[in-house]
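Engineer: Just one file: protein_4.txt, with compact mmCIF, C-alpha atoms.
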```txt
# COMPACT_ATOMS: atom_id res chain seq x y z
CA MET A 1021 0.00 0.00 0.00
CA ASN A 1022 1.44 3.37 -1.06
CA LYS A 1023 1.99 5.88 1.69
CA GLU A 1024 0.19 9.15 1.24
CA LYS A 1025 2.55 11.97 0.25
CA PRO A 1026 2.83 14.80 2.77
CA SER A 1027 1.05 18.04 1.93
CA TYR A 1028 4.17 20.10 2.67
CA PRO A 1029 7.47 20.39 0.72
CA ILE A 1030 10.28 17.99 1.64
CA PHE A 1031 13.98 18.84 1.74
CA THR A 1032 15.53 16.57 -0.90
CA GLU A 1033 19.08 15.42 -1.63
CA ASP A 1034 19.50 17.68 -4.67
CA MET A 1035 18.69 20.75 -2.51
CA LYS A 1036 21.88 20.32 -0.44
CA LYS A 1037 24.15 21.86 -3.05
CA ASP A 1038 22.48 25.27 -3.41
CA TYR A 1039 19.96 25.75 -0.59
CA THR A 1040 20.65 27.90 2.48
CA ILE A 1041 19.31 26.42 5.71
CA LEU A 1042 18.41 28.99 8.36
CA VAL A 1043 18.83 27.89 11.98
CA PRO A 1044 17.21 29.81 14.86
CA THR A 1045 19.58 30.72 17.66
CA MET A 1046 19.24 29.59 21.26
CA ILE A 1047 22.78 29.22 22.65
CA PRO A 1048 25.11 31.17 20.33
CA LEU A 1049 28.32 29.27 21.16
CA GLN A 1050 26.88 25.77 20.97
CA ILE A 1051 24.65 26.42 17.95
CA GLY A 1052 27.55 28.06 16.12
CA LEU A 1053 29.65 24.91 16.55
CA LEU A 1054 26.75 22.59 15.70
CA THR A 1055 26.17 24.37 12.39
CA ALA A 1056 29.86 23.82 11.55
CA VAL A 1057 29.28 20.06 11.89
CA MET A 1058 26.28 20.27 9.57
CA ARG A 1059 28.28 22.22 6.99
CA ARG A 1060 30.85 19.41 7.00
CA TYR A 1061 28.15 17.10 5.69
CA GLY A 1062 27.06 19.42 2.91
CA TYR A 1063 24.30 21.38 4.62
CA ASN A 1064 24.76 25.11 4.01
CA THR A 1065 23.55 26.21 7.44
CA LYS A 1066 23.41 29.75 8.79
CA MET A 1067 22.67 30.62 12.41
CA LEU A 1068 20.35 33.61 12.66
CA GLU A 1069 21.33 36.58 14.82
CA ASN A 1070 18.36 38.90 14.26
CA SER A 1071 16.68 40.09 17.46
CA GLY A 1072 14.67 43.00 18.79
CA SER A 1073 11.01 43.97 18.66
CA GLY A 1074 10.63 42.87 15.03
CA VAL A 1075 11.07 39.24 16.02
CA ILE A 1076 8.25 39.19 18.56
CA GLU A 1077 6.03 41.28 16.23
CA ARG A 1078 6.45 38.64 13.51
CA GLY A 1079 5.85 35.91 16.06
CA LEU A 1080 2.58 37.46 17.23
CA LYS A 1081 1.55 38.04 13.61
CA TYR A 1082 1.83 34.39 12.65
CA VAL A 1083 1.41 32.53 15.97
CA HIS A 1084 -1.59 32.78 18.30
CA ASN A 1085 -0.72 34.60 21.52
CA ASP A 1086 -1.93 31.61 23.54
CA ILE A 1087 1.00 29.60 22.15
CA CYS A 1088 4.04 29.66 24.42
CA TYR A 1089 6.61 32.43 24.21
CA PRO A 1090 9.52 30.33 22.82
CA ALA A 1091 7.34 29.33 19.83
CA GLN A 1092 6.55 32.96 19.14
CA LEU A 1093 10.24 33.89 19.27
CA VAL A 1094 11.60 30.98 17.22
CA ILE A 1095 8.97 31.33 14.50
CA GLY A 1096 9.18 35.13 14.64
CA GLN A 1097 12.96 35.04 14.13
CA LEU A 1098 12.67 32.67 11.17
CA MET A 1099 9.80 34.57 9.55
CA GLU A 1100 11.56 37.92 9.92
CA ALA A 1101 14.59 36.43 8.14
CA VAL A 1102 12.41 34.94 5.36
CA GLU A 1103 10.69 38.29 4.77
CA SER A 1104 13.87 40.36 5.05
CA GLY A 1105 14.75 40.12 1.35
CA GLU A 1106 18.25 38.96 2.26
CA TYR A 1107 17.69 35.42 0.97
CA ASP A 1108 16.50 33.83 -2.24
CA THR A 1109 13.29 32.24 -0.96
CA ASP A 1110 13.33 29.75 -3.83
CA LYS A 1111 16.62 28.38 -2.49
CA LEU A 1112 15.82 28.51 1.20
CA ALA A 1113 15.01 25.93 3.90
CA LEU A 1114 14.36 26.31 7.61
CA LEU A 1115 15.52 24.00 10.39
CA ILE A 1116 13.67 23.48 13.66
CA THR A 1117 14.02 20.95 16.48
CA GLN A 1118 11.38 18.49 17.66
CA THR A 1119 11.73 16.76 21.01
CA GLY A 1120 9.23 14.01 20.29
CA GLY A 1121 7.79 14.34 23.78
CA GLY A 1122 4.50 15.62 25.15
CA CYS A 1123 5.74 19.20 25.23
CA ARG A 1124 4.82 22.07 22.92
CA ALA A 1125 8.26 21.89 21.27
CA SER A 1126 7.12 18.95 19.13
CA ASN A 1127 4.44 21.17 17.56
CA TYR A 1128 6.60 24.13 16.52
CA ILE A 1129 7.19 22.64 13.08
CA HIS A 1130 3.47 22.56 12.25
CA LEU A 1131 3.03 26.16 13.44
CA LEU A 1132 6.00 27.23 11.32
CA ARG A 1133 4.66 25.53 8.19
CA ARG A 1134 1.33 27.22 8.73
CA ALA A 1135 3.06 30.60 9.15
CA LEU A 1136 4.98 30.09 5.89
CA ALA A 1137 1.80 29.16 4.02
CA THR A 1138 -0.05 32.17 5.44
CA ALA A 1139 2.75 34.52 4.35
CA GLY A 1140 2.88 33.05 0.84
CA TYR A 1141 6.04 31.00 1.32
CA GLY A 1142 4.48 27.57 1.51
CA HIS A 1143 7.07 26.23 -0.94
CA ILE A 1144 9.90 26.62 1.60
CA PRO A 1145 10.76 23.23 3.16
CA VAL A 1146 11.06 22.93 6.93
CA ILE A 1147 13.58 20.38 8.22
CA SER A 1148 12.91 18.54 11.45
CA LEU A 1149 15.96 18.00 13.66
CA ASN A 1150 14.90 15.17 15.93
CA PHE A 1151 16.16 11.89 17.29
CA SER A 1152 12.79 10.11 17.41
CA SER A 1153 12.14 9.46 13.69
CA ILE A 1154 9.11 11.75 13.92
CA GLU A 1155 9.29 12.78 10.26
CA LYS A 1156 10.71 10.42 7.68
CA GLY A 1157 11.51 10.93 4.02
CA ALA A 1158 13.61 14.10 4.16
CA ALA A 1159 17.22 14.06 2.96
CA PHE A 1160 18.41 15.44 6.28
CA LYS A 1161 19.69 12.33 8.07
CA MET A 1162 21.17 12.02 11.55
CA THR A 1163 23.89 9.39 11.25
CA PRO A 1164 26.01 8.08 14.17
CA SER A 1165 28.99 10.00 12.78
CA ILE A 1166 27.07 13.30 12.72
CA LEU A 1167 25.69 12.69 16.20
CA TYR A 1168 29.15 11.93 17.61
CA GLN A 1169 30.58 15.14 16.15
CA MET A 1170 27.58 17.11 17.39
CA MET A 1171 28.24 15.72 20.87
CA GLN A 1172 31.78 17.06 20.69
CA ALA A 1173 30.52 20.43 19.45
CA VAL A 1174 28.20 20.71 22.47
CA LEU A 1175 31.02 19.76 24.86
CA TYR A 1176 33.25 22.45 23.37
CA GLY A 1177 30.44 25.02 23.51
CA ASP A 1178 29.58 24.22 27.13
CA LEU A 1179 33.23 24.54 28.13
CA LEU A 1180 33.58 27.97 26.49
CA MET A 1181 30.28 29.13 28.04
CA SER A 1182 31.30 27.98 31.52
CA LEU A 1183 34.75 29.58 31.33
CA LYS A 1184 33.27 32.81 29.99
CA ASN A 1185 30.79 33.02 32.88
CA GLN A 1186 33.48 32.26 35.47
CA THR A 1187 35.88 34.83 34.00
CA ARG A 1188 33.79 37.82 32.88
CA PRO A 1189 32.93 39.24 36.34
CA TYR A 1190 36.60 39.33 37.37
CA THR A 1191 38.49 40.30 34.22
CA ARG A 1192 40.30 43.58 33.79
CA ASP A 1193 39.95 43.37 30.02
CA VAL A 1194 36.58 42.25 28.64
CA ASP A 1195 37.87 42.81 25.10
CA GLN A 1196 40.63 40.25 25.70
CA LEU A 1197 38.08 37.76 27.00
CA ASP A 1198 35.92 38.28 23.91
CA ALA A 1199 39.01 37.87 21.71
CA VAL A 1200 39.86 34.54 23.35
CA ILE A 1201 36.30 33.31 22.80
CA GLU A 1202 36.33 34.46 19.16
CA LYS A 1203 39.74 32.84 18.59
CA TRP A 1204 38.57 29.48 19.87
CA MET A 1205 35.22 29.63 18.10
CA GLU A 1206 37.03 30.14 14.78
CA LYS A 1207 39.53 27.38 15.50
CA LEU A 1208 36.93 24.87 16.70
CA GLU A 1209 34.52 25.63 13.85
CA ALA A 1210 37.35 25.01 11.36
CA GLU A 1211 38.32 21.73 13.03
CA LEU A 1212 34.73 20.50 13.21
CA LEU A 1213 34.22 21.50 9.58
CA HIS A 1214 37.14 19.25 8.62
CA GLY A 1215 36.30 16.43 11.04
CA LYS A 1216 39.37 16.90 13.22
CA ILE A 1217 38.08 15.46 16.49
CA SER A 1218 40.59 12.77 17.48
CA ARG A 1219 40.75 12.14 21.22
CA ARG A 1220 44.30 13.44 21.38
CA ARG A 1221 43.39 16.67 19.58
CA VAL A 1222 40.29 17.18 21.73
CA ARG A 1223 42.20 16.77 24.99
CA GLN A 1224 44.91 19.10 23.71
CA ASN A 1225 42.27 21.69 22.83
CA TYR A 1226 40.75 21.46 26.31
CA ARG A 1227 44.13 22.16 27.91
CA CYS A 1228 44.94 25.04 25.56
CA ILE A 1229 41.50 26.61 26.09
CA LEU A 1230 41.95 26.44 29.87
CA ARG A 1231 45.43 28.01 29.62
CA ASP A 1232 44.16 30.87 27.44
CA PHE A 1233 41.30 31.69 29.81
CA SER A 1234 43.53 31.37 32.88
CA ALA A 1235 45.97 33.88 31.35
CA ILE A 1236 43.36 36.65 31.14
CA PRO A 1237 44.22 39.34 33.74
CA ARG A 1238 41.94 39.40 36.82
CA THR A 1239 40.92 42.26 39.08
CA GLY A 1240 41.80 40.31 42.22
CA GLU A 1241 38.46 41.11 43.84
CA ALA A 1242 36.71 38.67 46.16
CA ARG A 1243 34.26 36.21 44.70
CA ARG A 1244 30.97 37.83 43.77
CA LEU A 1245 27.51 36.59 44.62
CA ARG A 1246 26.95 33.52 42.45
CA VAL A 1247 23.53 33.26 40.81
CA GLY A 1248 22.33 30.15 39.01
CA ILE A 1249 19.95 30.10 36.06
CA VAL A 1250 17.61 27.18 35.44
CA GLY A 1251 14.32 26.78 33.60
CA GLU A 1252 12.74 26.01 30.27
CA ILE A 1253 15.46 25.21 27.75
CA PHE A 1254 14.91 28.21 25.45
CA VAL A 1255 14.41 31.02 27.96
CA LYS A 1256 17.13 29.55 30.16
CA PHE A 1257 19.79 29.90 27.46
CA SER A 1258 18.58 32.38 24.85
CA PRO A 1259 19.40 36.09 25.33
CA LEU A 1260 16.45 36.72 23.00
CA GLY A 1261 14.14 34.71 25.25
CA ASN A 1262 15.28 35.98 28.65
CA ASN A 1263 15.95 39.66 27.87
CA ASN A 1264 19.73 39.22 28.14
CA LEU A 1265 19.47 37.81 31.67
CA GLU A 1266 23.16 36.83 31.92
CA GLU A 1267 24.33 40.31 30.92
CA PHE A 1268 21.91 41.90 33.40
CA LEU A 1269 23.14 39.73 36.28
CA VAL A 1270 26.79 40.56 35.52
CA LYS A 1271 25.97 44.29 35.48
CA GLU A 1272 24.31 43.83 38.86
CA GLY A 1273 27.55 42.46 40.25
CA ALA A 1274 26.82 38.73 40.13
CA GLU A 1275 28.68 35.73 38.76
CA VAL A 1276 26.38 33.64 36.54
CA VAL A 1277 26.35 29.86 36.96
CA LEU A 1278 24.58 28.15 34.08
CA PRO A 1279 24.31 24.34 33.83
CA GLY A 1280 25.38 23.25 30.35
CA PHE A 1281 23.35 22.22 27.33
CA PHE A 1282 25.05 18.81 27.43
CA ASP A 1283 23.00 18.00 30.53
CA PHE A 1284 19.79 18.43 28.53
CA CYS A 1285 21.16 16.08 25.87
CA PHE A 1286 21.98 13.64 28.67
CA TYR A 1287 18.45 14.05 30.00
CA CYS A 1288 16.92 13.05 26.67
CA VAL A 1289 19.07 9.91 26.45
CA TYR A 1290 18.61 8.99 30.11
CA ASN A 1291 14.82 9.24 29.79
CA SER A 1292 14.90 6.38 27.28
CA LEU A 1293 16.53 4.22 29.96
CA VAL A 1294 13.86 5.31 32.43
CA ASP A 1295 11.16 4.35 29.90
CA ARG A 1296 12.64 0.87 29.69
CA ARG A 1297 12.49 0.53 33.48
CA LEU A 1298 8.99 1.98 33.89
CA TYR A 1299 7.20 0.87 30.76
CA GLY A 1300 9.18 -2.07 29.40
CA THR A 1301 10.03 -0.40 26.09
CA ASN A 1302 12.13 -2.15 23.43
CA ALA A 1303 15.16 -3.80 25.03
CA LEU A 1304 17.39 -3.39 21.96
CA VAL A 1305 16.65 0.33 21.71
CA ALA A 1306 17.34 0.73 25.42
CA ALA A 1307 20.65 -1.13 25.02
CA VAL A 1308 21.72 1.31 22.29
CA TYR A 1309 20.80 4.29 24.47
CA ARG A 1310 22.74 2.74 27.35
CA ILE A 1311 25.87 2.61 25.17
CA VAL A 1312 25.33 6.23 24.11
CA TYR A 1313 24.81 7.26 27.74
CA ARG A 1314 28.07 5.63 28.83
CA LEU A 1315 29.95 7.25 25.96
CA MET A 1316 28.57 10.68 26.87
CA LEU A 1317 29.41 10.16 30.53
CA SER A 1318 33.00 9.17 29.74
CA ARG A 1319 33.48 12.29 27.58
CA GLN A 1320 32.03 14.55 30.26
CA LYS A 1321 34.23 13.04 32.97
CA GLU A 1322 37.24 13.57 30.72
CA ILE A 1323 36.56 17.32 30.76
CA ILE A 1324 36.05 17.23 34.53
CA ARG A 1325 39.40 15.51 35.07
CA ILE A 1326 41.26 17.96 32.85
CA MET A 1327 39.60 21.03 34.41
CA LYS A 1328 40.51 19.85 37.92
CA LYS A 1329 44.10 19.11 36.93
CA GLU A 1330 44.84 22.05 34.63
CA SER A 1331 42.92 24.95 36.22
CA ASP A 1332 41.05 26.33 39.21
CA TYR A 1333 37.81 26.67 37.23
CA MET A 1334 34.74 24.86 38.55
CA PRO A 1335 33.99 21.80 36.37
CA PRO A 1336 30.49 20.52 35.59
CA THR A 1337 28.80 18.00 37.87
CA PRO A 1338 28.95 14.41 36.55
CA PHE A 1339 25.54 13.61 35.14
CA ASP A 1340 25.30 10.26 36.89
CA HIS A 1341 25.22 12.29 40.11
CA THR A 1342 22.88 14.96 38.71
CA ALA A 1343 20.39 12.23 37.79
CA THR A 1344 20.00 11.34 41.50
CA LEU A 1345 19.41 14.88 42.77
CA SER A 1346 15.67 15.09 42.14
CA ASP A 1347 15.11 12.17 44.53
CA GLY A 1348 12.75 13.24 47.28
CA PHE A 1349 11.29 16.00 45.11
CA LEU A 1350 10.28 14.48 41.76
CA ASP A 1351 10.49 11.00 40.27
CA ASN A 1352 12.58 10.58 37.12
CA GLY A 1353 9.39 9.50 35.37
CA MET A 1354 8.32 13.17 35.34
CA LYS A 1355 9.85 14.10 31.98
CA MET A 1356 7.48 16.52 30.25
CA GLY A 1357 9.47 19.54 29.11
CA GLU A 1358 12.57 19.84 31.30
CA GLY A 1359 10.86 17.69 33.94
CA TRP A 1360 12.98 16.27 36.73
CA LEU A 1361 16.15 17.78 35.27
CA LEU A 1362 15.00 21.28 36.20
CA THR A 1363 14.59 20.25 39.83
CA ALA A 1364 17.87 18.31 39.81
CA GLU A 1365 19.76 21.32 38.43
CA MET A 1366 18.48 23.51 41.28
CA VAL A 1367 19.75 20.97 43.80
CA GLU A 1368 23.02 20.69 41.86
CA LEU A 1369 23.52 24.44 42.15
CA ILE A 1370 22.73 24.44 45.87
CA GLU A 1371 25.16 21.57 46.50
CA SER A 1372 27.91 23.55 44.75
CA GLY A 1373 27.30 26.56 46.97
CA VAL A 1374 25.05 28.56 44.64
CA GLU A 1375 22.07 29.42 46.85
CA SER A 1376 20.60 32.20 44.69
CA ILE A 1377 18.70 30.90 41.65
CA VAL A 1378 16.61 32.45 38.89
CA CYS A 1379 14.06 30.00 37.48
CA ALA A 1380 13.25 31.30 33.99
CA GLN A 1381 10.02 30.01 32.49
CA PRO A 1382 7.59 30.94 29.72
CA PHE A 1383 4.31 32.19 31.10
CA GLY A 1384 1.82 29.33 31.33
CA CYS A 1385 4.39 26.56 30.74
CA LEU A 1386 2.78 23.81 32.83
CA PRO A 1387 5.78 21.41 33.08
CA ASN A 1388 8.02 24.22 34.30
CA HIS A 1389 5.46 25.49 36.78
CA ILE A 1390 5.41 22.01 38.30
CA ALA A 1391 9.09 21.05 38.09
CA GLY A 1392 10.37 24.58 38.73
CA LYS A 1393 8.02 26.91 40.58
CA GLY A 1394 6.20 23.99 42.22
CA MET A 1395 9.42 22.71 43.77
CA MET A 1396 10.42 26.04 45.33
CA LYS A 1397 8.55 25.54 48.60
CA PRO A 1398 9.83 22.00 49.38
CA MET A 1399 13.32 23.07 48.32
CA LYS A 1400 13.30 26.03 50.70
CA GLU A 1401 12.10 23.76 53.47
CA LYS A 1402 15.06 21.44 52.96
CA TYR A 1403 17.73 24.06 52.17
CA LYS A 1404 17.17 26.90 54.64
CA ASN A 1405 19.27 29.59 52.98
CA VAL A 1406 18.24 29.00 49.37
CA ASN A 1407 16.95 32.06 47.53
CA ILE A 1408 14.90 31.21 44.42
CA VAL A 1409 12.83 33.55 42.27
CA ALA A 1410 10.63 32.38 39.39
CA ILE A 1411 10.49 34.82 36.48
CA ASP A 1412 7.84 34.48 33.77
CA TYR A 1413 8.81 35.53 30.24
CA ASP A 1414 6.14 36.45 27.73
CA SER A 1415 5.50 38.97 24.95
CA GLY A 1416 3.28 40.95 27.30
CA ALA A 1417 5.53 40.76 30.36
CA SER A 1418 7.23 43.91 31.64
CA ARG A 1419 11.01 43.77 31.47
CA ILE A 1420 11.23 46.36 34.25
CA ASN A 1421 9.10 44.18 36.54
CA GLN A 1422 11.25 41.14 35.73
CA GLU A 1423 14.47 42.98 36.52
CA ASN A 1424 13.05 44.55 39.69
CA ARG A 1425 12.11 41.13 41.03
CA ILE A 1426 15.61 39.87 40.30
CA LYS A 1427 17.13 42.94 41.98
CA LEU A 1428 15.03 42.23 45.06
CA MET A 1429 16.29 38.65 45.10
CA LEU A 1430 19.91 39.86 44.78
CA ALA A 1431 19.45 42.38 47.59
CA ASN A 1432 17.98 39.72 49.84
CA ALA A 1433 20.78 37.28 48.98
CA ARG A 1434 23.46 39.85 49.80
CA ASP A 1435 21.73 40.69 53.07
CA VAL A 1436 21.62 37.00 54.05
CA ALA A 1437 25.28 36.57 53.02
CA GLY A 1438 26.25 39.57 55.13
CA GLN A 1439 24.44 38.23 58.17
CA LYS A 1440 26.06 34.80 57.72
CA GLU A 1441 29.50 36.42 57.66
CA LYS A 1442 28.73 38.15 60.96
CA GLY A 1443 27.49 34.89 62.44
CA ALA A 1444 23.98 36.24 62.97
CA THR A 1445 20.91 34.03 63.08
CA ILE A 1446 18.78 34.62 60.00
CA PRO A 1447 15.03 34.85 60.71
CA GLU A 1448 12.91 32.65 58.43
CA LYS A 1449 10.91 35.56 57.08
CA GLU A 1450 14.08 37.22 55.86
CA LYS A 1451 15.28 34.22 53.88
CA THR A 1452 12.51 34.14 51.31
CA PRO A 1453 12.34 36.88 48.65
CA VAL A 1454 9.05 38.69 48.05
```
Output the file's structure in the form of structure tokens.

Structural biologist:
Amino acid sequence: MNKEKPSYPIFTEDMKKDYTILVPTMIPLQIGLLTAVMRRYGYNTKMLENSGSGVIERGLKYVHNDICYPAQLVIGQLMEAVESGEYDTDKLALLITQTGGGCRASNYIHLLRRALATAGYGHIPVISLNFSSIEKGAAFKMTPSILYQMMQAVLYGDLLMSLKNQTRPYTRDVDQLDAVIEKWMEKLEAELLHGKISRRRVRQNYRCILRDFSAIPRTGEARRLRVGIVGEIFVKFSPLGNNNLEEFLVKEGAEVVLPGFFDFCFYCVYNSLVDRRLYGTNALVAAVYRIVYRLMLSRQKEIIRIMKKESDYMPPTPFDHTATLSDGFLDNGMKMGEGWLLTAEMVELIESGVESIVCAQPFGCLPNHIAGKGMMKPMKEKYKNVNIVAIDYDSGASRINQENRIKLMLANARDVAGQKEKGATIPEKEKTPV
């Protein structure tokens, strides 16, 4: 029986040679390196950098305002680029991720196709980047080789992001820091483009990156208040989605601590192992995911070992430990959206001494209200000095109100820290921000 052809255009093999594939941005460093891997395999990818009010205006034009904020931003950014006149729309394709889970992220692709059709660009193919075989038939294939190189790209990106956040508040020369980041982005993109990812080269790169960051002159000031960021994957990482939250926190005198994107990749793989335990899913598929999980864990622990040996920078937490940290709060079977990982990352931050946390979430995102905001009360009951504020991001939300709430949290955290230094007893009512 012949399968019915889809009603939307498919990205075919012959399109690879002359089509430009636009990729929405979320984490500039990691996405920049991931697109280099895709270019190696013949996909002419370009990461978008457009931002500002035009993006959300396009998003609200083509996406209903009841749809979550990340969908409005991702589709708005892509549609603004399509309508900009900068690209030949007859030689253009768009790429978007699908998680394959019960979250809204699996539906972005259908909303984007509808937006393109509404705007008169229904001939532009939309490529699904997923690991669940949701859409079959397109020429965009995720092979083990591509996936392995993407894993390395994410590890590199997370390392640069972590070192940047640990260096920026204390550097005497921000321009030098930016130059080091730019130097390594160019070098790593070139190596990924040419497939140069041998274990020896990778380890050498880690050591050289650590040496370059360590050589940046410091102010010598005492450690600043450390503030963690957790939340929904897009607004957690994207400056577009969280109104440049990292930059704001640095200007307010804080050091940003941001769990890496590799943990979310871990989370997706680990959930397949949980499914096998809870629901008895296919044993062979689970065995493959178990191999992938062990490979990822070995690569992460390699970075941890090198960071501890070669520098005084704080390394990431091993994921096999992170996966246990939601115990007592949420079961690992709670995996809609960021699910148990969001809770685990808050505990991870607290265990590492980061007691001030911003939980960034799209307004009305049910999984995050449960796994993030819903866990704030039990977390404060267990960890007496923790200071968590949940910030909703939406097209109608006031940036001033968001920043004022964060400032209040920072003021409260500094007050608590000051009292702890003096050895004073901190009354319960003073530990929880308004």

Engineer: What is the atom CA of Leu1132 of chain A to atom CA of Leu1053 of chain A distance in Å?

Structural biologist: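 Here the two named atoms are 24.3 Å from each other.
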
Engineer: Excluding segment 1334-1336 of chain A and any residue of its chain fewer than 4 positions from it, enumerate the residues within 12 Å of it, using all atoms listed in the file, and give them as a PyMOL selection string.

Structural biologist: chain A and resi 1175+1178-1187+1230+1277-1283+1317+1319-1330+1340-1342+1365+1368-1369+1372-1373

Engineer: Nearest to Ala1343 of chain A among A:Cys1228, A:Leu1304, A:Leu1093, A:Leu1362, with distances taken over all atoms listed in the file: which residue is it?

Structural biologist: A:Leu1362

Engineer: Using only C-alpha atoms, I'd like a table of the residues in segment 1168-1271 of chain A that come within 12 Å of segment 1408-1415 of chain A; for each, show the closest atom pair and its distance in Å rounded to one decimal, ordered by chain and ascending number, as a Markdown table.

Structural biologist:
```
| residue | atom | partner | partner_atom | distance |
| --- | --- | --- | --- | --- |
| A:Val1247 | CA | A:Ile1408 | CA | 9.6 |
| A:Gly1248 | CA | A:Ile1408 | CA | 9.3 |
| A:Ile1249 | CA | A:Ile1408 | CA | 9.8 |
| A:Val1250 | CA | A:Ala1410 | CA | 9.6 |
| A:Gly1251 | CA | A:Ala1410 | CA | 8.9 |
| A:Glu1252 | CA | A:Tyr1413 | CA | 10.3 |
| A:Phe1254 | CA | A:Tyr1413 | CA | 10.7 |
| A:Val1255 | CA | A:Tyr1413 | CA | 7.5 |
| A:Lys1256 | CA | A:Tyr1413 | CA | 10.2 |
| A:Ser1258 | CA | A:Tyr1413 | CA | 11.6 |
| A:Pro1259 | CA | A:Tyr1413 | CA | 11.7 |
| A:Leu1260 | CA | A:Tyr1413 | CA | 10.6 |
| A:Gly1261 | CA | A:Tyr1413 | CA | 7.3 |
| A:Asn1262 | CA | A:Tyr1413 | CA | 6.7 |
| A:Asn1263 | CA | A:Tyr1413 | CA | 8.6 |
| A:Asn1264 | CA | A:Tyr1413 | CA | 11.7 |
| A:Leu1265 | CA | A:Ile1411 | CA | 10.6 |
```

Engineer: For Ile1076 of chain A, list every protein, DNA or RNA residue within 12 Å, evaluated using all atoms listed in the file, and leave out those in the same chain fewer than 4 positions away; present the list as number ranges by chain.

Structural biologist: A: 1070-1072, 1080-1085, 1088-1100, 1260-1261, 1414-1416

Engineer: Padding of 6 Å on every side, edges along x, y and z, all listed atoms of segment 1435-1442 of chain A included: what centre and edge lengths in Å, to one decimal, does that box have, as JSON?

Structural biologist:
```
{"center_x": 25.6, "center_y": 37.7, "center_z": 57.0, "size_x": 19.9, "size_y": 17.9, "size_z": 19.9}
```

Engineer: Which residues come within 10 Å of Gly1359 of chain A, counting only C-alpha atoms, excluding same-chain residues fewer than 5 positions away, as number ranges by chain?

Structural biologist: A: 1251-1252, 1287, 1346, 1350-1354, 1364, 1387-1392

Engineer: Would you save the residues from that selection as a compact mmCIF listing (two decimals), in the coordinates of the input, using C-alpha atoms?

Structural biologist:
```txt
# COMPACT_ATOMS: atom_id res chain seq x y z
CA GLY A 1251 14.32 26.78 33.60
CA GLU A 1252 12.74 26.01 30.27
CA TYR A 1287 18.45 14.05 30.00
CA SER A 1346 15.67 15.09 42.14
CA LEU A 1350 10.28 14.48 41.76
CA ASP A 1351 10.49 11.00 40.27
CA ASN A 1352 12.58 10.58 37.12
CA GLY A 1353 9.39 9.50 35.37
CA MET A 1354 8.32 13.17 35.34
CA ALA A 1364 17.87 18.31 39.81
CA PRO A 1387 5.78 21.41 33.08
CA ASN A 1388 8.02 24.22 34.30
CA HIS A 1389 5.46 25.49 36.78
CA ILE A 1390 5.41 22.01 38.30
CA ALA A 1391 9.09 21.05 38.09
CA GLY A 1392 10.37 24.58 38.73
```

Engineer: Would you list the residues near (27.7, 7.9, 16.3), meaning any protein, DNA or RNA residue with an atom at most 12 Å from that point in file coordinates, counting all atoms listed in the file, as a list in words?

Structural biologist: Met1162, Thr1163, Pro1164, Ser1165, Ile1166, Leu1167, Tyr1168, Gln1169, Met1170, Met1171, Gln1172, Val1308, Tyr1309, Ile1311, Val1312, Tyr1313, Leu1315 and Met1316 of chain A
